file final.pdb (PDB, C-alpha atoms and all ligand atoms)
ATOM      1  CA  MET X   1     -18.111  22.593  -1.129
ATOM      2  CA  ALA X   2     -16.180  21.580  -4.284
ATOM      3  CA  ARG X   3     -16.184  17.876  -5.060
ATOM      4  CA  PRO X   4     -14.615  15.912  -7.890
ATOM      5  CA  THR X   5     -16.792  14.724 -10.766
ATOM      6  CA  VAL X   6     -17.862  11.103 -10.204
ATOM      7  CA  LEU X   7     -17.950   8.762 -13.196
ATOM      8  CA  THR X   8     -19.047   5.161 -13.005
ATOM      9  CA  THR X   9     -18.754   3.792 -16.550
ATOM     10  CA  ARG X  10     -15.561   2.918 -18.399
ATOM     11  CA  ALA X  11     -16.649   4.929 -21.420
ATOM     12  CA  ASP X  12     -17.299   8.141 -19.464
ATOM     13  CA  PHE X  13     -14.106   7.872 -17.440
ATOM     14  CA  ALA X  14     -11.913   6.981 -20.437
ATOM     15  CA  ARG X  15     -13.436   9.920 -22.336
ATOM     16  CA  ALA X  16     -12.641  12.339 -19.494
ATOM     17  CA  CYS X  17      -9.020  11.131 -19.503
ATOM     18  CA  ASP X  18      -8.816  11.326 -23.318
ATOM     19  CA  ASP X  19     -10.274  14.853 -23.339
ATOM     20  CA  SER X  20      -7.678  15.981 -20.808
ATOM     21  CA  ARG X  21      -4.820  14.540 -22.803
ATOM     22  CA  ARG X  22      -6.189  16.172 -25.947
ATOM     23  CA  SER X  23      -6.160  19.527 -24.185
ATOM     24  CA  GLY X  24      -2.532  18.967 -23.197
ATOM     25  CA  LEU X  25      -2.971  17.759 -19.604
ATOM     26  CA  THR X  26      -1.247  14.545 -18.509
ATOM     27  CA  VAL X  27      -3.290  12.198 -16.338
ATOM     28  CA  GLY X  28      -2.280  11.043 -12.856
ATOM     29  CA  LEU X  29      -4.099   8.143 -11.179
ATOM     30  CA  VAL X  30      -4.413   7.301  -7.487
ATOM     31  CA  PRO X  31      -6.022   3.845  -7.228
ATOM     32  CA  THR X  32      -7.837   3.323  -3.901
ATOM     33  CA  MET X  33     -10.494   1.194  -2.307
ATOM     34  CA  GLY X  34     -12.075   4.244  -0.663
ATOM     35  CA  ALA X  35     -12.497   4.885   3.073
ATOM     36  CA  LEU X  36     -10.071   7.680   2.367
ATOM     37  CA  HIS X  37      -7.838   9.151   5.066
ATOM     38  CA  GLU X  38      -4.997  11.667   5.209
ATOM     39  CA  GLY X  39      -2.614   9.054   3.797
ATOM     40  CA  HIS X  40      -4.694   8.812   0.619
ATOM     41  CA  LEU X  41      -4.879  12.598   0.422
ATOM     42  CA  SER X  42      -1.096  12.775   0.509
ATOM     43  CA  LEU X  43      -1.066  10.438  -2.529
ATOM     44  CA  VAL X  44      -3.513  12.730  -4.312
ATOM     45  CA  HIS X  45      -1.360  15.779  -3.571
ATOM     46  CA  GLU X  46       1.670  13.874  -4.841
ATOM     47  CA  ALA X  47      -0.213  13.052  -8.063
ATOM     48  CA  ARG X  48      -0.972  16.762  -8.506
ATOM     49  CA  LYS X  49       2.781  17.465  -8.643
ATOM     50  CA  HIS X  50       3.103  15.183 -11.679
ATOM     51  CA  ALA X  51      -0.124  15.530 -13.639
ATOM     52  CA  GLY X  52      -2.599  18.089 -14.956
ATOM     53  CA  LEU X  53      -5.665  15.908 -14.358
ATOM     54  CA  VAL X  54      -5.775  14.005 -11.067
ATOM     55  CA  ALA X  55      -8.045  10.960 -11.094
ATOM     56  CA  VAL X  56      -8.825   8.811  -8.049
ATOM     57  CA  SER X  57     -10.377   5.392  -8.472
ATOM     58  CA  ILE X  58     -12.534   4.057  -5.665
ATOM     59  CA  PHE X  59     -13.252   0.371  -6.046
ATOM     60  CA  VAL X  60     -13.290  -2.361  -3.410
ATOM     61  CA  ASN X  61     -11.707  -5.035  -5.548
ATOM     62  CA  PRO X  62     -13.206  -8.466  -4.847
ATOM     63  CA  THR X  63     -10.377 -10.476  -6.427
ATOM     64  CA  GLN X  64      -7.755  -9.322  -3.927
ATOM     65  CA  PHE X  65      -9.658 -10.609  -0.880
ATOM     66  CA  GLY X  66      -9.391 -14.204   0.313
ATOM     67  CA  PRO X  67     -12.537 -16.182   1.170
ATOM     68  CA  ASN X  68     -12.227 -15.477   4.908
ATOM     69  CA  GLU X  69     -11.110 -11.881   4.613
ATOM     70  CA  ASP X  70     -12.981  -8.621   5.120
ATOM     71  CA  PHE X  71     -14.427  -7.930   1.637
ATOM     72  CA  ASP X  72     -18.014  -7.749   2.926
ATOM     73  CA  ARG X  73     -17.288  -5.466   5.845
ATOM     74  CA  TYR X  74     -14.652  -3.302   4.137
ATOM     75  CA  PRO X  75     -15.800   0.318   4.768
ATOM     76  CA  ARG X  76     -17.655   1.838   1.804
ATOM     77  CA  THR X  77     -17.955   5.589   2.385
ATOM     78  CA  LEU X  78     -18.215   7.201  -1.063
ATOM     79  CA  ASP X  79     -20.011  10.327   0.115
ATOM     80  CA  ALA X  80     -17.492  11.100   2.839
ATOM     81  CA  ASP X  81     -14.657  10.229   0.426
ATOM     82  CA  LEU X  82     -15.862  12.855  -2.050
ATOM     83  CA  ASP X  83     -16.070  15.479   0.704
ATOM     84  CA  ARG X  84     -12.584  14.565   1.843
ATOM     85  CA  LEU X  85     -11.179  14.867  -1.662
ATOM     86  CA  GLY X  86     -12.827  18.248  -2.202
ATOM     87  CA  SER X  87     -10.941  19.993  -4.980
ATOM     88  CA  ALA X  88      -7.748  17.944  -4.466
ATOM     89  CA  ALA X  89      -8.868  15.512  -7.197
ATOM     90  CA  ASP X  90     -10.562  16.391 -10.482
ATOM     91  CA  VAL X  91     -12.369  13.167 -11.214
ATOM     92  CA  VAL X  92     -13.322  10.012  -9.308
ATOM     93  CA  PHE X  93     -13.860   6.708 -11.075
ATOM     94  CA  ALA X  94     -16.207   4.619  -8.932
ATOM     95  CA  PRO X  95     -17.281   1.673 -11.078
ATOM     96  CA  PRO X  96     -19.707  -1.036  -9.997
ATOM     97  CA  ALA X  97     -18.100  -4.499  -9.928
ATOM     98  CA  PRO X  98     -19.414  -5.700 -13.352
ATOM     99  CA  VAL X  99     -17.690  -2.749 -15.024
ATOM    100  CA  MET X 100     -14.325  -4.020 -13.821
ATOM    101  CA  TYR X 101     -15.220  -7.728 -14.026
ATOM    102  CA  PRO X 102     -17.782  -8.183 -16.820
ATOM    103  CA  PRO X 103     -19.558 -11.545 -17.018
ATOM    104  CA  GLY X 104     -17.163 -14.179 -18.362
ATOM    105  CA  ASP X 105     -14.051 -12.348 -17.178
ATOM    106  CA  GLU X 106     -11.287 -14.886 -16.556
ATOM    107  CA  THR X 107      -7.901 -13.257 -17.194
ATOM    108  CA  ARG X 108      -5.581 -12.647 -14.264
ATOM    109  CA  VAL X 109      -2.141 -11.034 -14.037
ATOM    110  CA  HIS X 110       0.288 -13.571 -12.623
ATOM    111  CA  VAL X 111       2.937 -12.205 -10.289
ATOM    112  CA  GLY X 112       6.499 -13.554 -10.025
ATOM    113  CA  ALA X 113       9.060 -13.893  -7.240
ATOM    114  CA  LEU X 114       8.297 -10.567  -5.567
ATOM    115  CA  ALA X 115       5.041 -12.121  -4.318
ATOM    116  CA  ALA X 116       6.742 -15.211  -2.883
ATOM    117  CA  GLY X 117       7.537 -13.826   0.579
ATOM    118  CA  LEU X 118       6.087 -11.403   3.146
ATOM    119  CA  CYS X 119       2.280 -11.254   2.614
ATOM    120  CA  GLY X 120       2.344 -13.669  -0.362
ATOM    121  CA  PRO X 121       2.039 -16.970   1.529
ATOM    122  CA  PHE X 122      -0.574 -15.552   3.907
ATOM    123  CA  ARG X 123      -2.789 -14.067   1.166
ATOM    124  CA  PRO X 124      -2.388 -16.499  -1.753
ATOM    125  CA  GLN X 125      -4.495 -14.732  -4.454
ATOM    126  CA  HIS X 126      -4.039 -11.215  -3.123
ATOM    127  CA  PHE X 127      -1.331  -9.805  -5.377
ATOM    128  CA  GLU X 128      -2.772 -11.447  -8.471
ATOM    129  CA  GLY X 129      -6.048  -9.643  -7.674
ATOM    130  CA  VAL X 130      -4.266  -6.328  -7.052
ATOM    131  CA  CYS X 131      -2.228  -6.577 -10.256
ATOM    132  CA  THR X 132      -5.265  -7.569 -12.303
ATOM    133  CA  VAL X 133      -7.376  -4.652 -11.142
ATOM    134  CA  VAL X 134      -4.532  -2.136 -11.382
ATOM    135  CA  THR X 135      -3.757  -3.340 -14.922
ATOM    136  CA  LYS X 136      -7.420  -2.810 -15.830
ATOM    137  CA  LEU X 137      -7.419   0.645 -14.190
ATOM    138  CA  PHE X 138      -4.290   1.582 -16.125
ATOM    139  CA  ALA X 139      -5.921   0.338 -19.347
ATOM    140  CA  VAL X 140      -9.013   2.511 -18.833
ATOM    141  CA  THR X 141      -7.148   5.584 -17.554
ATOM    142  CA  GLY X 142      -3.903   5.641 -19.544
ATOM    143  CA  PRO X 143      -2.138   7.516 -16.739
ATOM    144  CA  SER X 144       1.375   8.850 -17.222
ATOM    145  CA  VAL X 145       1.876   8.546 -13.468
ATOM    146  CA  ALA X 146       0.233   6.450 -10.743
ATOM    147  CA  VAL X 147       0.830   6.982  -7.034
ATOM    148  CA  PHE X 148       0.763   4.276  -4.342
ATOM    149  CA  GLY X 149       1.539   4.360  -0.625
ATOM    150  CA  ARG X 150       4.641   2.746   0.825
ATOM    151  CA  LYS X 151       2.660   1.172   3.659
ATOM    152  CA  ASP X 152       1.856  -1.578   1.146
ATOM    153  CA  PHE X 153       5.552  -1.810   0.345
ATOM    154  CA  GLN X 154       5.346  -5.226  -1.312
ATOM    155  CA  GLN X 155       2.359  -4.125  -3.410
ATOM    156  CA  LEU X 156       4.310  -1.080  -4.586
ATOM    157  CA  ALA X 157       7.351  -3.177  -5.524
ATOM    158  CA  ILE X 158       5.152  -5.643  -7.440
ATOM    159  CA  LEU X 159       3.249  -2.899  -9.266
ATOM    160  CA  ARG X 160       6.513  -1.240 -10.294
ATOM    161  CA  ARG X 161       7.620  -4.599 -11.617
ATOM    162  CA  ILE X 162       4.457  -5.337 -13.616
ATOM    163  CA  ALA X 163       4.538  -1.844 -15.133
ATOM    164  CA  GLN X 164       8.106  -2.561 -16.219
ATOM    165  CA  ASP X 165       7.562  -6.166 -17.345
ATOM    166  CA  LEU X 166       4.310  -5.469 -19.208
ATOM    167  CA  LEU X 167       5.818  -2.381 -20.890
ATOM    168  CA  MET X 168       3.197  -0.046 -19.452
ATOM    169  CA  PRO X 169       3.885   3.613 -20.266
ATOM    170  CA  VAL X 170       3.295   4.735 -16.695
ATOM    171  CA  THR X 171       5.627   5.893 -13.940
ATOM    172  CA  VAL X 172       4.777   4.250 -10.621
ATOM    173  CA  VAL X 173       5.504   6.642  -7.756
ATOM    174  CA  GLY X 174       5.745   5.500  -4.126
ATOM    175  CA  HIS X 175       4.741   7.894  -1.378
ATOM    176  CA  PRO X 176       5.856   7.746   2.298
ATOM    177  CA  ILE X 177       3.658   6.290   5.030
ATOM    178  CA  VAL X 178       1.552   8.851   6.888
ATOM    179  CA  ARG X 179       1.368   8.227  10.645
ATOM    180  CA  GLU X 180      -0.652   9.535  13.543
ATOM    181  CA  GLY X 181       1.270  11.525  16.174
ATOM    182  CA  ASP X 182       1.807   8.379  18.254
ATOM    183  CA  GLY X 183       3.226   6.397  15.334
ATOM    184  CA  LEU X 184       0.203   4.386  14.134
ATOM    185  CA  ALA X 185       0.337   4.098  10.342
ATOM    186  CA  LEU X 186      -2.860   5.387   8.742
ATOM    187  CA  SER X 187      -4.992   2.632   7.240
ATOM    188  CA  SER X 188      -8.631   2.303   6.236
ATOM    189  CA  ARG X 189      -8.677  -0.824   8.416
ATOM    190  CA  ASN X 190      -7.869   1.238  11.542
ATOM    191  CA  ALA X 191     -11.610   2.018  11.534
ATOM    192  CA  TYR X 192     -12.178  -1.582  12.724
ATOM    193  CA  LEU X 193     -10.067  -1.116  15.883
ATOM    194  CA  SER X 194     -11.650  -0.596  19.300
ATOM    195  CA  PRO X 195      -9.797   1.928  21.506
ATOM    196  CA  ALA X 196      -8.080  -0.959  23.338
ATOM    197  CA  GLU X 197      -7.084  -2.623  20.055
ATOM    198  CA  ARG X 198      -5.809   0.678  18.720
ATOM    199  CA  SER X 199      -3.468   1.055  21.651
ATOM    200  CA  ARG X 200      -2.223  -2.542  21.154
ATOM    201  CA  ALA X 201      -1.665  -1.712  17.458
ATOM    202  CA  LEU X 202       0.962   0.841  18.507
ATOM    203  CA  ALA X 203       3.269  -2.145  19.088
ATOM    204  CA  LEU X 204       3.959  -2.275  15.343
ATOM    205  CA  SER X 205       5.484   1.196  15.066
ATOM    206  CA  LYS X 206       7.200   0.642  18.441
ATOM    207  CA  GLY X 207       8.818  -2.573  17.222
ATOM    208  CA  LEU X 208       9.913  -0.938  13.973
ATOM    209  CA  SER X 209      11.365   1.952  15.988
ATOM    210  CA  LEU X 210      13.457  -0.390  18.140
ATOM    211  CA  ALA X 211      14.954  -1.845  14.956
ATOM    212  CA  TRP X 212      15.427   1.712  13.653
ATOM    213  CA  ASP X 213      17.310   2.716  16.849
ATOM    214  CA  ALA X 214      19.572  -0.324  16.677
ATOM    215  CA  TYR X 215      20.298   0.317  12.998
ATOM    216  CA  ALA X 216      21.132   3.949  13.843
ATOM    217  CA  GLN X 217      23.646   2.597  16.362
ATOM    218  CA  GLY X 218      25.275   0.364  13.751
ATOM    219  CA  GLU X 219      23.364  -2.928  13.991
ATOM    220  CA  ARG X 220      23.106  -4.557  10.571
ATOM    221  CA  ALA X 221      22.340  -8.206  11.334
ATOM    222  CA  PRO X 222      18.851  -9.008   9.939
ATOM    223  CA  ALA X 223      18.071 -11.611  12.591
ATOM    224  CA  ARG X 224      18.891  -9.238  15.457
ATOM    225  CA  LEU X 225      16.920  -6.390  13.877
ATOM    226  CA  ALA X 226      13.948  -8.710  13.328
ATOM    227  CA  ALA X 227      14.095  -9.911  16.943
ATOM    228  CA  LEU X 228      14.066  -6.311  18.179
ATOM    229  CA  ALA X 229      11.070  -5.447  15.994
ATOM    230  CA  ARG X 230       9.228  -8.578  17.110
ATOM    231  CA  GLY X 231       9.716  -7.839  20.842
ATOM    232  CA  PRO X 232       6.855  -5.383  21.502
ATOM    233  CA  VAL X 233       4.634  -6.951  18.835
ATOM    234  CA  GLN X 234       4.559 -10.433  20.236
ATOM    235  CA  GLY X 235       3.183  -9.421  23.603
ATOM    236  CA  ALA X 236       0.566  -7.059  22.173
ATOM    237  CA  VAL X 237      -1.117  -8.651  19.165
ATOM    238  CA  ASP X 238      -3.268 -11.756  18.757
ATOM    239  CA  ARG X 239      -1.357 -13.384  15.888
ATOM    240  CA  ILE X 240       1.801 -12.554  13.970
ATOM    241  CA  ASP X 241       1.960 -13.456  10.268
ATOM    242  CA  TYR X 242       5.571 -12.316   9.995
ATOM    243  CA  VAL X 243       8.211  -9.909  11.224
ATOM    244  CA  ASP X 244      10.814  -9.987   8.463
ATOM    245  CA  VAL X 245      13.927  -8.094   7.495
ATOM    246  CA  VAL X 246      14.540  -8.228   3.746
ATOM    247  CA  ASP X 247      16.302  -6.401   0.957
ATOM    248  CA  PRO X 248      13.907  -3.607  -0.109
ATOM    249  CA  VAL X 249      14.601  -4.225  -3.803
ATOM    250  CA  THR X 250      14.416  -8.022  -4.068
ATOM    251  CA  LEU X 251      12.204  -8.546  -0.975
ATOM    252  CA  GLN X 252      14.432 -11.588  -0.314
ATOM    253  CA  ALA X 253      16.757 -12.243   2.604
ATOM    254  CA  PRO X 254      19.490  -9.595   2.524
ATOM    255  CA  SER X 255      22.976 -10.706   1.532
ATOM    256  CA  LEU X 256      24.877 -11.599   4.716
ATOM    257  CA  GLN X 257      25.919  -8.604   6.789
ATOM    258  CA  VAL X 258      28.625  -9.491   9.274
ATOM    259  CA  SER X 259      28.759  -6.096  10.928
ATOM    260  CA  SER X 260      27.451  -5.291  14.397
ATOM    261  CA  PRO X 261      27.700  -2.208  16.619
ATOM    262  CA  GLN X 262      31.100  -3.537  17.706
ATOM    263  CA  VAL X 263      32.298  -4.174  14.125
ATOM    264  CA  PRO X 264      30.410  -1.659  11.972
ATOM    265  CA  SER X 265      30.302  -1.992   8.216
ATOM    266  CA  LEU X 266      31.674   0.868   6.125
ATOM    267  CA  HIS X 267      28.544   1.073   3.992
ATOM    268  CA  ALA X 268      24.994   1.237   5.312
ATOM    269  CA  PRO X 269      22.767  -1.116   3.314
ATOM    270  CA  GLN X 270      19.076  -0.365   3.261
ATOM    271  CA  LEU X 271      16.962  -2.990   4.963
ATOM    272  CA  LEU X 272      13.186  -3.300   4.938
ATOM    273  CA  VAL X 273      11.650  -4.310   8.251
ATOM    274  CA  ALA X 274       8.075  -5.430   7.582
ATOM    275  CA  ILE X 275       5.394  -6.617   9.978
ATOM    276  CA  ALA X 276       1.986  -8.204   9.400
ATOM    277  CA  CYS X 277      -0.161  -9.260  12.325
ATOM    278  CA  HIS X 278      -3.699  -9.508  13.608
ATOM    279  CA  VAL X 279      -5.198  -7.374  16.368
ATOM    280  CA  GLY X 280      -8.624  -8.768  17.132
ATOM    281  CA  LYS X 281     -10.207  -9.389  13.714
ATOM    282  CA  THR X 282      -8.076  -6.747  11.993
ATOM    283  CA  ARG X 283      -5.000  -7.547   9.920
ATOM    284  CA  LEU X 284      -2.440  -4.754  10.140
ATOM    285  CA  ILE X 285       0.774  -4.191   8.217
ATOM    286  CA  ASP X 286       3.557  -1.694   8.715
ATOM    287  CA  ASN X 287       7.163  -1.273   7.635
ATOM    288  CA  VAL X 288      10.240   0.913   7.702
ATOM    289  CA  VAL X 289      13.192   1.094   5.351
ATOM    290  CA  LEU X 290      16.221   1.403   7.604
ATOM    291  CA  GLY X 291      18.739   3.797   6.167
ATOM    292  CA  GLU X 292      16.005   5.793   4.420
ATOM    293  CA  ASP X 293      12.819   6.388   6.426
ATOM    294  CA  PRO X 294      12.418   8.480   9.578
ATOM    295  CA  ARG X 295      11.868   6.748  12.945
ATOM    296  CA  PRO X 296       8.271   5.447  12.833
ATOM    297  CA  ALA X 297       7.226   6.299  16.409
ATOM    298  CA  PRO X 298       8.104   9.402  18.450
ATOM    299  CA  VAL X 299      10.899   8.820  21.001
TER     300      VAL X 299
HETATM  301  O1  LIG D   1      -3.844  -0.369  -1.977
HETATM  302  C1  LIG D   1      -5.044  -0.475  -2.286
HETATM  303  O2  LIG D   1      -5.914   0.222  -1.772
HETATM  304  C2  LIG D   1      -5.458  -1.529  -3.309
HETATM  305  O3  LIG D   1      -4.701  -2.676  -3.172
HETATM  306  C3  LIG D   1      -5.439  -1.016  -4.752
HETATM  307  C4  LIG D   1      -4.017  -0.647  -5.196
HETATM  308  C5  LIG D   1      -6.344   0.200  -4.881
HETATM  309  C6  LIG D   1      -5.945  -2.095  -5.713
HETATM  310  O4  LIG D   1      -7.264  -2.462  -5.421
END
call {"tool": "encode", "arguments": {"input": "final.pdb", "output": "C-alpha cells"}}
result
Amino acid sequence: MARPTVLTTRADFARACDDSRRSGLTVGLVPTMGALHEGHLSLVHEARKHAGLVAVSIFVNPTQFGPNEDFDRYPRTLDADLDRLGSAADVVFAPPAPVMYPPGDETRVHVGALAAGLCGPFRPQHFEGVCTVVTKLFAVTGPSVAVFGRKDFQQLAILRRIAQDLLMPVTVVGHPIVREGDGLALSSRNAYLSPAERSRALALSKGLSLAWDAYAQGERAPARLAALARGPVQGAVDRIDYVDVVDPVTLQAPSLQVSSPQVPSLHAPQLLVAIACHVGKTRLIDNVVLGEDPRPAPV
C-alpha cells in the first residue's frame, strides 16, 4: 500500500519542500497531532486542491497542553496514521520533540484578544503553544497554504490572525467539521470515550442543533440561543466549561440583536455557538456558525 515519505529532521523536510518549489510545485501543509481520522483526511484532500506537494505534520506539541491535561495519554499512532494517509499526502514531517524545541528554546508567540474568551481562560497557555508550534512549522515548511479544521474554530481564527499580523506569506484555509452520522464531531479525543460516554457526548451536537433550529425560525437573541444549546448538554456531561454565542469574526459578544421570532430582523447575522465540556476525563469541543453551517445533528 502506498504511504507518504516520513521525514523526521528539519533539514530533510525543509529540503523536500524546497525541492518541490524548485520544480514548480507549491507546498500545502496540514498540521496535526496524529491519531488521524476522516476529519484530518478531509483537510488533506482540501490541501491537495491548493498545492502540488501535500505535507502533513504529525507532532504532539507539549507546549499547548496544560499541566493536568492529556499530553501523556494523547494517542500516538504513527503507523496507522501513515496507512490512513496512503497516497493522499506526499510527505509526513514527524519530528521528535527536540527538533521543534531544541535545548534552550524560550521564544513563544503571544496571542492577543482572540484568545481572551471561549477556551482561553480554561486553557491559559494553550493558544500560545499552538501559535508557537505552528509558526515553527510554517518556518520549516514555507507553505503557500495551510489547512485547519473548523472544529477548533478559535484556533483557526487565531492562526489566521497571526499569519496576518506576522506577515506570513501563507493562506490559512478553514475546513468544515466532519461528523459521524449521529452528529458527533470527529476528534482524536473521541478514542477516549467509553460507549456510554460517547452517547452522552451526542448532547453537544444536539444542543447546537436546537440553537440552529431556533435560528432557522428567526431567533437572534444570543442569550436565548445559548440557553437552548445548553439545555441537552447540562444534563448529559460532567462539567461545562462554556456554552457561548459570539460573533464569529471577533469571538466577542455579538452586537445587540433585538429581533426574535415575533419581531424578525431584516438581516441574518452570523453567530458562532461554541461548546466546551468534559465527559468523564475527556474534554470535548464543538461549534456551529448559525447562518452558514448545516444543522449539526440529523433531525
Ligand atoms: O489542531 C491541532 O491538532 C493542533 O492544535 C495543531 C494545529 C496541529 C498544533 O499543534
call {"tool": "residues_near_ligand", "arguments": {"input": "final.pdb", "ligand": "ligand LIG 1 (chain D)", "cutoff": "8 Å", "atoms": "only C-alpha atoms and all ligand atoms", "output": "JSON, numbers by chain"}}
result
{"X": [30, 31, 32, 33, 34, 57, 58, 59, 60, 61, 64, 129, 130, 131, 133, 134, 148, 149, 152, 155]}
call {"tool": "residues_near_point", "arguments": {"input": "final.pdb", "point": "(-9.1, -15.8, -1.0)", "cutoff": "8 Å", "atoms": "all atoms listed in the file", "output": "ChimeraX atom specification"}}
result
/X:63-69,123-126
call {"tool": "resolve_selection", "arguments": {"input": "final.pdb", "expression": "the PyMOL selection byres (((chain X and resi 11) around 12) and not hetatm)", "output": "list in words"}}
result
Leu7, Thr8, Thr9, Arg10, Asp12, Phe13, Ala14, Arg15, Ala16, Cys17, Asp18, Asp19, Phe93, Pro95, Val99, Met100, Ala139, Val140 and Thr141 of chain X
call {"tool": "write_last_selection", "arguments": {"input": "final.pdb", "atoms": "C-alpha atoms", "output": "short mmCIF file (atom, residue, chain, number, x, y, z; two decimals), keeping the file's coordinate frame"}}
result
data_model
loop_
_atom_site.label_atom_id
_atom_site.label_comp_id
_atom_site.auth_asym_id
_atom_site.auth_seq_id
_atom_site.Cartn_x
_atom_site.Cartn_y
_atom_site.Cartn_z
CA LEU X 7 -17.95 8.76 -13.20
CA THR X 8 -19.05 5.16 -13.00
CA THR X 9 -18.75 3.79 -16.55
CA ARG X 10 -15.56 2.92 -18.40
CA ASP X 12 -17.30 8.14 -19.46
CA PHE X 13 -14.11 7.87 -17.44
CA ALA X 14 -11.91 6.98 -20.44
CA ARG X 15 -13.44 9.92 -22.34
CA ALA X 16 -12.64 12.34 -19.49
CA CYS X 17 -9.02 11.13 -19.50
CA ASP X 18 -8.82 11.33 -23.32
CA ASP X 19 -10.27 14.85 -23.34
CA PHE X 93 -13.86 6.71 -11.08
CA PRO X 95 -17.28 1.67 -11.08
CA VAL X 99 -17.69 -2.75 -15.02
CA MET X 100 -14.32 -4.02 -13.82
CA ALA X 139 -5.92 0.34 -19.35
CA VAL X 140 -9.01 2.51 -18.83
CA THR X 141 -7.15 5.58 -17.55
#
call {"tool": "residues_around", "arguments": {"input": "final.pdb", "residues": "Ala201 in chain X", "least_positions_apart": "5", "cutoff": "8 Å", "atoms": "only C-alpha atoms", "output": "VMD selection string"}}
result
chain X and resid 184 236 to 237 279 284
call {"tool": "resolve_selection", "arguments": {"input": "final.pdb", "expression": "the PyMOL selection byres (((chain X and resi 244) around 10) and not hetatm)", "output": "list in words"}}
result
Gly117, Leu118, Pro222, Ala223, Leu225, Ala226, Ala227, Ala229, Arg230, Asp241, Tyr242, Val243, Val245, Val246, Asp247, Leu251, Gln252, Ala253, Leu271, Leu272, Val273, Ala274, Ile275, Ala276 and Asn287 of chain X
call {"tool": "residues_near_point", "arguments": {"input": "final.pdb", "point": "(-12.3, 11.1, 3.7)", "cutoff": "9 Å", "atoms": "only C-alpha atoms", "output": "PyMOL selection string"}}
result
chain X and resi 34-38+40-41+77-85
call {"tool": "resolve_selection", "arguments": {"input": "final.pdb", "expression": "the PyMOL selection byres (((chain X and resi 43) around 12) and not hetatm)", "output": "MDAnalysis selection string"}}
result
chainID X and resid 28:32 36:42 44:50 54:56 85 88:89 145:151 172:178
call {"tool": "closest_residue", "arguments": {"input": "final.pdb", "among": "X:Pro103, X:Pro75, X:Gly142, X:Gly183", "to": "Val288 in chain X", "atoms": "only C-alpha atoms"}}
result
X:Gly183
call {"tool": "atom_distance", "arguments": {"input": "final.pdb", "atom1": "CA of Ala211 in chain X", "atom2": "CA of Ala297 in chain X"}}
result
11.3 Å
call {"tool": "atom_distance", "arguments": {"input": "final.pdb", "atom1": "CA of Tyr101 in chain X", "atom2": "CA of Ala116 in chain X"}}
result
25.7 Å
call {"tool": "atom_distance", "arguments": {"input": "final.pdb", "atom1": "CA of Ala157 in chain X", "atom2": "CA of Arg189 in chain X"}}
result
21.4 Å
call {"tool": "closest_residue", "arguments": {"input": "final.pdb", "among": "X:Gln154, X:Thr107, X:Ser205, X:Gln234", "to": "Thr250 in chain X", "atoms": "all atoms listed in the file"}}
result
X:Gln154
call {"tool": "closest_residue", "arguments": {"input": "final.pdb", "among": "X:Arg220, X:Cys277, X:Thr135, X:Val170", "to": "Cys119 in chain X", "atoms": "all atoms listed in the file"}}
result
X:Cys277
call {"tool": "axis_aligned_box", "arguments": {"input": "final.pdb", "around": "range 123-142 of chain X", "padding_each_side": "8 Å", "output": "lines of an AutoDock Vina configuration file"}}
result
center_x = -5.2
center_y = -5.4
center_z = -9.2
size_x = 23.7
size_y = 38.1
size_z = 36.7
call {"tool": "residues_around", "arguments": {"input": "final.pdb", "residues": "Leu167 in chain X", "least_positions_apart": "6", "cutoff": "12 Å", "atoms": "all atoms listed in the file", "output": "number ranges by chain"}}
result
X: 135, 138, 159-161
call {"tool": "closest_residue", "arguments": {"input": "final.pdb", "among": "X:Leu156, X:Ala185, X:Ala214, X:Val109", "to": "Thr171 in chain X", "atoms": "all atoms listed in the file"}}
result
X:Leu156
call {"tool": "closest_residue", "arguments": {"input": "final.pdb", "among": "X:Ala191, X:Val233, X:Ile162, X:Ala94", "to": "Leu210 in chain X", "atoms": "only C-alpha atoms"}}
result
X:Val233
call {"tool": "build_atoms", "arguments": {"input": "final.pdb", "residues": "range 127-134 of chain X", "atoms": "N, CA, C and O atoms", "output": "PDB file, in the frame of the given file"}}
result
ATOM      1  N   PHE X 127      -2.066 -10.673  -4.446  1.00  0.00           N
ATOM      2  CA  PHE X 127      -1.331  -9.805  -5.377  1.00  0.00           C
ATOM      3  C   PHE X 127      -1.780 -10.003  -6.822  1.00  0.00           C
ATOM      4  O   PHE X 127      -1.744  -9.066  -7.620  1.00  0.00           O
ATOM      5  N   GLU X 128      -2.208 -11.226  -7.140  1.00  0.00           N
ATOM      6  CA  GLU X 128      -2.772 -11.447  -8.471  1.00  0.00           C
ATOM      7  C   GLU X 128      -4.013 -10.557  -8.657  1.00  0.00           C
ATOM      8  O   GLU X 128      -4.204  -9.925  -9.702  1.00  0.00           O
ATOM      9  N   GLY X 129      -4.841 -10.488  -7.619  1.00  0.00           N
ATOM     10  CA  GLY X 129      -6.048  -9.643  -7.674  1.00  0.00           C
ATOM     11  C   GLY X 129      -5.687  -8.172  -7.786  1.00  0.00           C
ATOM     12  O   GLY X 129      -6.284  -7.425  -8.577  1.00  0.00           O
ATOM     13  N   VAL X 130      -4.695  -7.737  -7.002  1.00  0.00           N
ATOM     14  CA  VAL X 130      -4.266  -6.328  -7.052  1.00  0.00           C
ATOM     15  C   VAL X 130      -3.735  -6.009  -8.455  1.00  0.00           C
ATOM     16  O   VAL X 130      -4.112  -4.998  -9.061  1.00  0.00           O
ATOM     17  N   CYS X 131      -2.859  -6.876  -8.962  1.00  0.00           N
ATOM     18  CA  CYS X 131      -2.228  -6.577 -10.256  1.00  0.00           C
ATOM     19  C   CYS X 131      -3.248  -6.614 -11.385  1.00  0.00           C
ATOM     20  O   CYS X 131      -3.158  -5.830 -12.340  1.00  0.00           O
ATOM     21  N   THR X 132      -4.226  -7.496 -11.271  1.00  0.00           N
ATOM     22  CA  THR X 132      -5.265  -7.569 -12.303  1.00  0.00           C
ATOM     23  C   THR X 132      -6.082  -6.281 -12.317  1.00  0.00           C
ATOM     24  O   THR X 132      -6.279  -5.662 -13.366  1.00  0.00           O
ATOM     25  N   VAL X 133      -6.522  -5.847 -11.139  1.00  0.00           N
ATOM     26  CA  VAL X 133      -7.376  -4.652 -11.142  1.00  0.00           C
ATOM     27  C   VAL X 133      -6.573  -3.409 -11.513  1.00  0.00           C
ATOM     28  O   VAL X 133      -7.072  -2.532 -12.228  1.00  0.00           O
ATOM     29  N   VAL X 134      -5.333  -3.326 -11.058  1.00  0.00           N
ATOM     30  CA  VAL X 134      -4.532  -2.136 -11.382  1.00  0.00           C
ATOM     31  C   VAL X 134      -4.218  -2.115 -12.886  1.00  0.00           C
ATOM     32  O   VAL X 134      -4.251  -1.057 -13.519  1.00  0.00           O
TER      33      VAL X 134
END
